[in-house]
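The next block holds one structure in the form of C-alpha coordinates; read it before the comments.
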Amino acid sequence: MNEPHIDASSTNLDPKVAGLLCYALSFITGIIFLVLEKKSSFVKFHAMQSVLVFGLLTVANIFFSWIPFIGWIGTLIVGLLSFVLWIVLMLMALQGRWFKLPFIGDFAEQQANNFK
(Lines give C-alpha, C1' and ligand atoms only; values in the text may rest on other atoms or scores of the structure.)
Protein backbone atom coordinates (compact mmCIF):
# COMPACT_ATOMS: atom_id res chain seq x y z
CA MET A 1 0.00 0.00 0.00
CA ASN A 2 1.47 3.31 -1.07
CA GLU A 3 0.71 5.91 1.57
CA PRO A 4 0.70 9.67 0.89
CA HIS A 5 3.67 11.83 1.81
CA ILE A 6 3.82 13.18 5.36
CA ASP A 7 4.15 16.94 5.16
CA ALA A 8 5.67 19.17 7.85
CA SER A 9 3.51 20.29 10.75
CA SER A 10 2.84 23.95 11.45
CA THR A 11 3.16 23.16 15.18
CA ASN A 12 6.96 22.74 14.86
CA LEU A 13 6.59 19.15 16.10
CA ASP A 14 7.56 16.10 14.12
CA PRO A 15 4.31 15.27 12.26
CA LYS A 16 4.43 11.70 13.57
CA VAL A 17 4.62 12.93 17.16
CA ALA A 18 1.84 15.44 16.49
CA GLY A 19 -0.26 12.60 15.03
CA LEU A 20 0.31 10.55 18.17
CA LEU A 21 -0.61 13.52 20.37
CA CYS A 22 -3.91 13.88 18.51
CA TYR A 23 -5.01 10.72 20.31
CA ALA A 24 -3.26 11.30 23.65
CA LEU A 25 -6.24 12.78 25.51
CA SER A 26 -8.99 11.30 23.37
CA PHE A 27 -11.04 13.78 21.34
CA ILE A 28 -9.77 16.74 23.40
CA THR A 29 -6.29 16.74 21.85
CA GLY A 30 -7.90 15.95 18.49
CA ILE A 31 -9.85 19.22 18.72
CA ILE A 32 -6.74 21.11 19.85
CA PHE A 33 -4.72 19.88 16.86
CA LEU A 34 -7.60 20.59 14.45
CA VAL A 35 -7.47 24.20 15.62
CA LEU A 36 -3.67 24.52 15.75
CA GLU A 37 -2.59 22.62 12.63
CA LYS A 38 -2.52 24.71 9.46
CA LYS A 39 -0.36 22.70 7.01
CA SER A 40 -0.05 18.97 7.62
CA SER A 41 -2.84 16.86 6.15
CA PHE A 42 -1.39 13.89 8.07
CA VAL A 43 -1.87 15.62 11.43
CA LYS A 44 -5.30 16.99 10.47
CA PHE A 45 -6.43 13.50 9.43
CA HIS A 46 -5.37 11.95 12.74
CA ALA A 47 -6.92 14.85 14.67
CA MET A 48 -10.25 14.44 12.86
CA GLN A 49 -10.22 10.66 13.24
CA SER A 50 -9.55 11.10 16.98
CA VAL A 51 -12.47 13.50 17.37
CA LEU A 52 -14.86 11.21 15.49
CA VAL A 53 -13.80 7.88 17.01
CA PHE A 54 -13.52 8.95 20.62
CA GLY A 55 -16.52 11.26 20.37
CA LEU A 56 -18.67 8.34 19.19
CA LEU A 57 -17.23 6.01 21.83
CA THR A 58 -17.96 8.59 24.54
CA VAL A 59 -21.56 8.91 23.35
CA ALA A 60 -21.89 5.10 23.29
CA ASN A 61 -20.49 4.88 26.81
CA ILE A 62 -22.99 7.47 28.07
CA PHE A 63 -25.83 5.63 26.32
CA PHE A 64 -24.93 2.30 27.90
CA SER A 65 -24.58 3.89 31.34
CA TRP A 66 -28.29 4.81 31.21
CA ILE A 67 -29.43 1.21 30.66
CA PRO A 68 -30.32 -0.45 33.96
CA PHE A 69 -28.90 -3.84 34.96
CA ILE A 70 -27.14 -4.83 31.68
CA GLY A 71 -25.71 -1.44 30.72
CA TRP A 72 -22.51 -2.16 32.61
CA ILE A 73 -21.68 -4.86 30.03
CA GLY A 74 -21.91 -2.29 27.24
CA THR A 75 -19.80 0.23 29.13
CA LEU A 76 -17.22 -2.48 29.81
CA ILE A 77 -17.04 -3.44 26.12
CA VAL A 78 -16.86 0.20 24.99
CA GLY A 79 -14.16 0.89 27.60
CA LEU A 80 -12.02 -2.01 26.43
CA LEU A 81 -12.54 -1.07 22.77
CA SER A 82 -11.59 2.52 23.57
CA PHE A 83 -8.39 1.47 25.30
CA VAL A 84 -7.31 -0.87 22.48
CA LEU A 85 -8.09 1.73 19.78
CA TRP A 86 -6.28 4.41 21.78
CA ILE A 87 -3.07 2.35 21.86
CA VAL A 88 -3.31 1.13 18.24
CA LEU A 89 -4.09 4.56 16.79
CA MET A 90 -1.26 6.26 18.69
CA LEU A 91 1.24 3.61 17.53
CA MET A 92 0.08 3.84 13.91
CA ALA A 93 0.41 7.63 13.92
CA LEU A 94 3.87 7.42 15.50
CA GLN A 95 4.91 4.99 12.73
CA GLY A 96 3.75 7.53 10.14
CA ARG A 97 0.86 5.36 8.92
CA TRP A 98 -2.36 6.76 7.50
CA PHE A 99 -4.30 4.09 9.39
CA LYS A 100 -7.97 4.52 8.54
CA LEU A 101 -10.62 2.81 10.60
CA PRO A 102 -13.51 1.31 8.60
CA PHE A 103 -16.22 3.86 7.75
CA ILE A 104 -14.87 6.58 10.05
CA GLY A 105 -11.41 6.81 8.45
CA ASP A 106 -12.62 7.82 4.99
CA PHE A 107 -15.05 10.34 6.46
CA ALA A 108 -12.31 11.72 8.72
CA GLU A 109 -10.01 12.15 5.72
CA GLN A 110 -12.69 14.02 3.76
CA GLN A 111 -13.51 16.30 6.67
CA ALA A 112 -9.85 16.95 7.50
CA ASN A 113 -9.26 18.08 3.92
CA ASN A 114 -12.16 20.55 4.27
CA PHE A 115 -10.91 21.84 7.63
CA LYS A 116 -8.77 24.95 7.24
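As shown in the C-alpha coordinates, the chain order sets the letters A, B, ...; within each chain, residues go from 1, and ligands are also counted from 1 in the order they appear.
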
I'd like the contact shell of range 20-32 of chain A - 8 Å cut-off, only C-alpha atoms, skipping same-chain residues fewer than 5 positions apart - returned as an MDAnalysis selection string. chainID A and resid 43 46:55 86 89:94

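CA of Val84 in chain A is found 25.9 Å from CA of Glu37 in chain A.
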
Which residue out of A:Ala60, A:Asp106, A:Lys38, A:Trp72 has the minimum interatomic distance to Ser10 in chain A when only C-alpha atoms are used? A:Lys38

Picked from chain A by DSSP as alpha helix (DSSP H), as number ranges by chain: A: 15-24, 27-36, 41-65, 71-94, 104-114

Just give me the gap between CA of Leu13 in chain A and CA of Gly105 in chain A in Å, one decimal is fine. 23.1 Å

Of A:Gln110, A:Ser40, A:Gln95, A:Asn61, the one sitting nearest Ala8 in chain A when using only C-alpha atoms is A:Ser40

Which one of A:Ile67, A:Ile62, A:Leu34, A:Ile77 sits closest to Gln111 in chain A if you count only C-alpha atoms?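 Of the candidates, the smallest distance to Gln111 in chain A is held by A:Leu34.
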
From the options A:Ser9, A:Lys16, A:Phe64, A:Ser82, which residue's atoms come nearest to Trp98 in chain A, counting only C-alpha atoms? A:Lys16

Closest to Leu56 in chain A among A:Asn12, A:Phe42, A:Asn113, A:Ile104, using only C-alpha atoms? A:Ile104

Just want the 10 Å neighbourhood of Asn114 in chain A, counted on only C-alpha atoms, with same-chain residues fewer than 5 positions away dropped. Output as JSON, numbers by chain. {"A": [44, 108, 109]}

Include N, CA, C and O atoms and write out the residues we just selected as a PDB file, in the first residue's frame.
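Contents of part19.pdb, as written:
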```pdb
ATOM      1  N   LYS A  44      -3.868  16.670  10.483  1.00  0.00           N
ATOM      2  CA  LYS A  44      -5.297  16.991  10.465  1.00  0.00           C
ATOM      3  C   LYS A  44      -6.145  15.733  10.346  1.00  0.00           C
ATOM      4  O   LYS A  44      -7.195  15.631  10.979  1.00  0.00           O
ATOM      5  N   ALA A 108     -13.272  10.850   8.032  1.00  0.00           N
ATOM      6  CA  ALA A 108     -12.308  11.723   8.719  1.00  0.00           C
ATOM      7  C   ALA A 108     -11.362  12.376   7.715  1.00  0.00           C
ATOM      8  O   ALA A 108     -11.049  13.561   7.835  1.00  0.00           O
ATOM      9  N   GLU A 109     -10.911  11.599   6.724  1.00  0.00           N
ATOM     10  CA  GLU A 109     -10.008  12.153   5.715  1.00  0.00           C
ATOM     11  C   GLU A 109     -10.694  13.245   4.894  1.00  0.00           C
ATOM     12  O   GLU A 109     -10.122  14.296   4.641  1.00  0.00           O
TER      13      GLU A 109
END
```

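Proximity ranking of A:Leu101, A:Ile6, A:Val59, A:Val17 relative to Gly74 in chain A places A:Val59 first, based on only C-alpha atoms.
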